[in-house]
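Data first, discussion second: the structure below is written as structure tokens.
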Amino acid sequence: MLAGLVYQETGISLSDNKVDLVKARIAKRMRKTHIRTLKDYIGVIENDSNEFACFIDAMTTNHTYFFRENKHIEYLLENLAGGVRHRIWSAACSSGEEPYSMAIQLSEAGLAFEIHASDISDSMLETASRGIYPKDRTRCVPLPLVQRYFQQGHNKWQGHYKIKSGIREQVKFFKYNLISDPAQEQYDVIFCRNVMIYFDHETRQHVVNKLYQSLRPGGLFAIGQSESLVGVEHPFKYLRPSIYCK
């Protein structure tokens with residue numbers, strides 16, 4: 001039943017090999033809310049919208065880091081024209097490392113841009129807006145860029161970095177459900193990476209075609225390097241592995 005609720009709300013298909021993960025995350029929520037039985041917890045999330053949101057957060061939170069699969073951003077640097085302002089959407093941005101990675105490198109290249117970044121998880125959006133991360137998340141960022149774009153934490157924030165305000169202000173976060181929310185306004189670039197691996201075929205079909213509607217003609221679309229659009233009917237033109245255009 002819980003897997004069905006997650007699928008209905010997010011399109012994420014929780015396969016049998018994720019049973020232990022699901023149990024662990026539900027148990028954590030039950031401890032947090034002092035609910036003793038699974039039956040009682042199900043009753044709560046059916047009637048309490050706040051706890052239902054926390055439940056969805058727990059089921060959809062994923063680990064990421066700065067400059068992950070950075071070849072996509074390197075492709076942007078090589079192919080985006082100068083002298084114009086590029087509108088970019090980081091869909092399913094998780095805790096914000098992806099859009100901030102874009103902002104840092106586009107700033108370094110002197111390109112004009114605005115980045116919108118969305119996720120279904122309230123807690124991930126809160127983390128992203130705050131812009132504070134464990135030091136390990138920056139392990140793939142060259143040291144000069146860490147020094148230029150991050151502030152080192154002290155005292156209780158020892159071992160953490162905070163994105164400097166100049167970069168934080170260039171990324172606008174908002175809540176968005178890839179399954180149920182309408183197509184967004186036209187973007188020049190859309191990243192939707194490492195989320196469709198959790199979708200079944202029907203959901204991938206739906207999401208990919210909705211994102212196509214949100215791209216301007218000639219716009220670029222990137223998916224995760226471990227993902228594929230094979231078997232999905234779509235009008236995108238293939239450019240190279242995991243990169244397409246409209």
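Identifiers in this document derive from the order of the structure tokens: chains are assigned A, B, ..., residues are numbered from 1 separately in each chain, and ligands are numbered from 1 in order of occurrence.
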
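For region 113-151 of chain A, backbone-based DSSP assignment of alpha helix (DSSP H) covers Asp122, Ser123, Met124, Leu125, Glu126, Thr127, Ala128, Ser129, Arg130, Leu143, Pro144, Leu145, Val146, Gln147, Arg148 and Tyr149 of chain A.
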
Store the residues of this selection in a file with N, CA and C atoms, as a CSV table (one decimal), in the first residue's frame.
chain,number,residue,atom,x,y,z
A,122,ASP,N,10.2,19.0,0.2
A,122,ASP,CA,10.3,20.2,1.0
A,122,ASP,C,11.6,20.3,1.7
A,123,SER,N,12.0,19.2,2.3
A,123,SER,CA,13.3,19.2,3.1
A,123,SER,C,14.5,19.4,2.2
A,124,MET,N,14.5,18.8,1.0
A,124,MET,CA,15.6,19.0,0.0
A,124,MET,C,15.6,20.5,-0.5
A,125,LEU,N,14.5,21.1,-0.7
A,125,LEU,CA,14.4,22.5,-1.1
A,125,LEU,C,14.9,23.4,0.0
A,126,GLU,N,14.6,23.1,1.2
A,126,GLU,CA,15.1,23.9,2.3
A,126,GLU,C,16.6,23.8,2.4
A,127,THR,N,17.1,22.6,2.3
A,127,THR,CA,18.6,22.5,2.3
A,127,THR,C,19.2,23.2,1.1
A,128,ALA,N,18.6,23.1,0.0
A,128,ALA,CA,19.2,23.8,-1.2
A,128,ALA,C,19.2,25.3,-1.0
A,129,SER,N,18.1,25.9,-0.5
A,129,SER,CA,18.0,27.3,-0.3
A,129,SER,C,19.0,27.8,0.7
A,130,ARG,N,19.2,27.0,1.7
A,130,ARG,CA,20.2,27.4,2.8
A,130,ARG,C,21.6,27.3,2.2
A,143,LEU,N,40.0,23.1,-6.1
A,143,LEU,CA,40.3,23.9,-4.9
A,143,LEU,C,40.1,25.4,-5.2
A,144,PRO,N,40.6,26.0,-6.3
A,144,PRO,CA,40.4,27.4,-6.5
A,144,PRO,C,38.9,27.8,-6.6
A,145,LEU,N,38.1,26.9,-7.1
A,145,LEU,CA,36.6,27.2,-7.2
A,145,LEU,C,36.0,27.1,-5.8
A,146,VAL,N,36.5,26.2,-5.0
A,146,VAL,CA,36.0,26.1,-3.6
A,146,VAL,C,36.3,27.4,-2.9
A,147,GLN,N,37.5,27.9,-3.0
A,147,GLN,CA,37.9,29.1,-2.3
A,147,GLN,C,37.1,30.3,-2.8
A,148,ARG,N,36.8,30.3,-4.1
A,148,ARG,CA,36.1,31.5,-4.7
A,148,ARG,C,34.6,31.5,-4.4
A,149,TYR,N,34.0,30.3,-4.4
A,149,TYR,CA,32.5,30.3,-4.3
A,149,TYR,C,31.9,29.7,-3.0

Would you write out, as CSV, a table of all residues in region 87-146 of chain A that have an atom no more than 6 Å from an atom of region 151-172 of chain A, listing for each the closest atom pair and the distance in Å to one decimal, considering only C-alpha atoms and ordering rows by chain and rising residue number?
residue,atom,partner,partner_atom,distance
A:Ile115,CA,A:Val171,CA,4.9
A:His116,CA,A:Lys172,CA,4.8
A:Gly131,CA,A:Ile163,CA,5.3
A:Ile132,CA,A:Lys162,CA,4.3
A:Tyr133,CA,A:His160,CA,5.4
A:Pro134,CA,A:His160,CA,4.3
A:Lys135,CA,A:His160,CA,4.8

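Residues of region 34-173 of chain A that DSSP places in strand (DSSP E or B), based on the backbone of this structure, are Arg85, His86, Arg87, Ile88, Trp89, Ser90, Ala112, Phe113, Glu114, Ile115, His116, Ala117, Ser118, Asp119, Ile132, Tyr133, Pro134, Phe150, Gln151, Gln152, His160, Tyr161, Lys162, Ile163, Val171, Lys172 and Phe173 of chain A.
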
Quick one: residues within 7 Å of region 187-198 of chain A, only C-alpha atoms, excluding same-chain residues fewer than 2 positions away - as a list in words? Ile12, Ser13, His86, Arg87, Ile88, Trp89, Ser90, Ala91, Ala92, Glu185, Asp200, Arg204, Ser214, Leu215, Arg216, Gly219, Leu220, Phe221, Ala222, Ile223, Gly224 and Glu227 of chain A

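Of the listed residues A:Ile35, A:Lys210, A:Cys140, A:Phe199, the one whose atoms come nearest to Ser180 (chain A) is A:Lys210, with distances taken using only C-alpha atoms.
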
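Proximity ranking of A:Arg137, A:Lys246, A:Arg68, A:Arg29 relative to Tyr212 (chain A) places A:Lys246 first, based on only C-alpha atoms.
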
If we count only C-alpha atoms, what is near Gln184 (chain A) at a cut-off of 8 Å, once residues fewer than 2 positions away on the same chain are taken out, given as a PyMOL selection string? chain A and resi 182+186+211+213-214

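By chain and then residue number, the residues within 12 Å of Ile45 (chain A) are Met1, Leu2, Leu5, Val6, Ile26, Arg29, Met30, Thr33, Ile35, Leu38, Lys39, Asp40, Asn50, Glu51, Phe52, Ala53, Cys54, Phe55 and Ile56 of chain A, counting only C-alpha atoms and disregarding those fewer than 5 positions away in sequence.
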
Atom pair CA of Ser118 (chain A) / CA of Ile179 (chain A): separation (Å): 12.8 Å

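Checking A:Thr138, A:Asn79, A:Ser121, A:Asn47 one by one against Cys245 (chain A), counting only C-alpha atoms, you find the shortest gap at A:Asn79.
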
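One distance worth recording is that between CA of His72 (chain A) and CA of Ala103 (chain A), which is 13.2 Å.
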
Provide the CA of Arg25 (chain A) to CA of Asn70 (chain A) distance in Å, to one decimal place. 29.9 Å
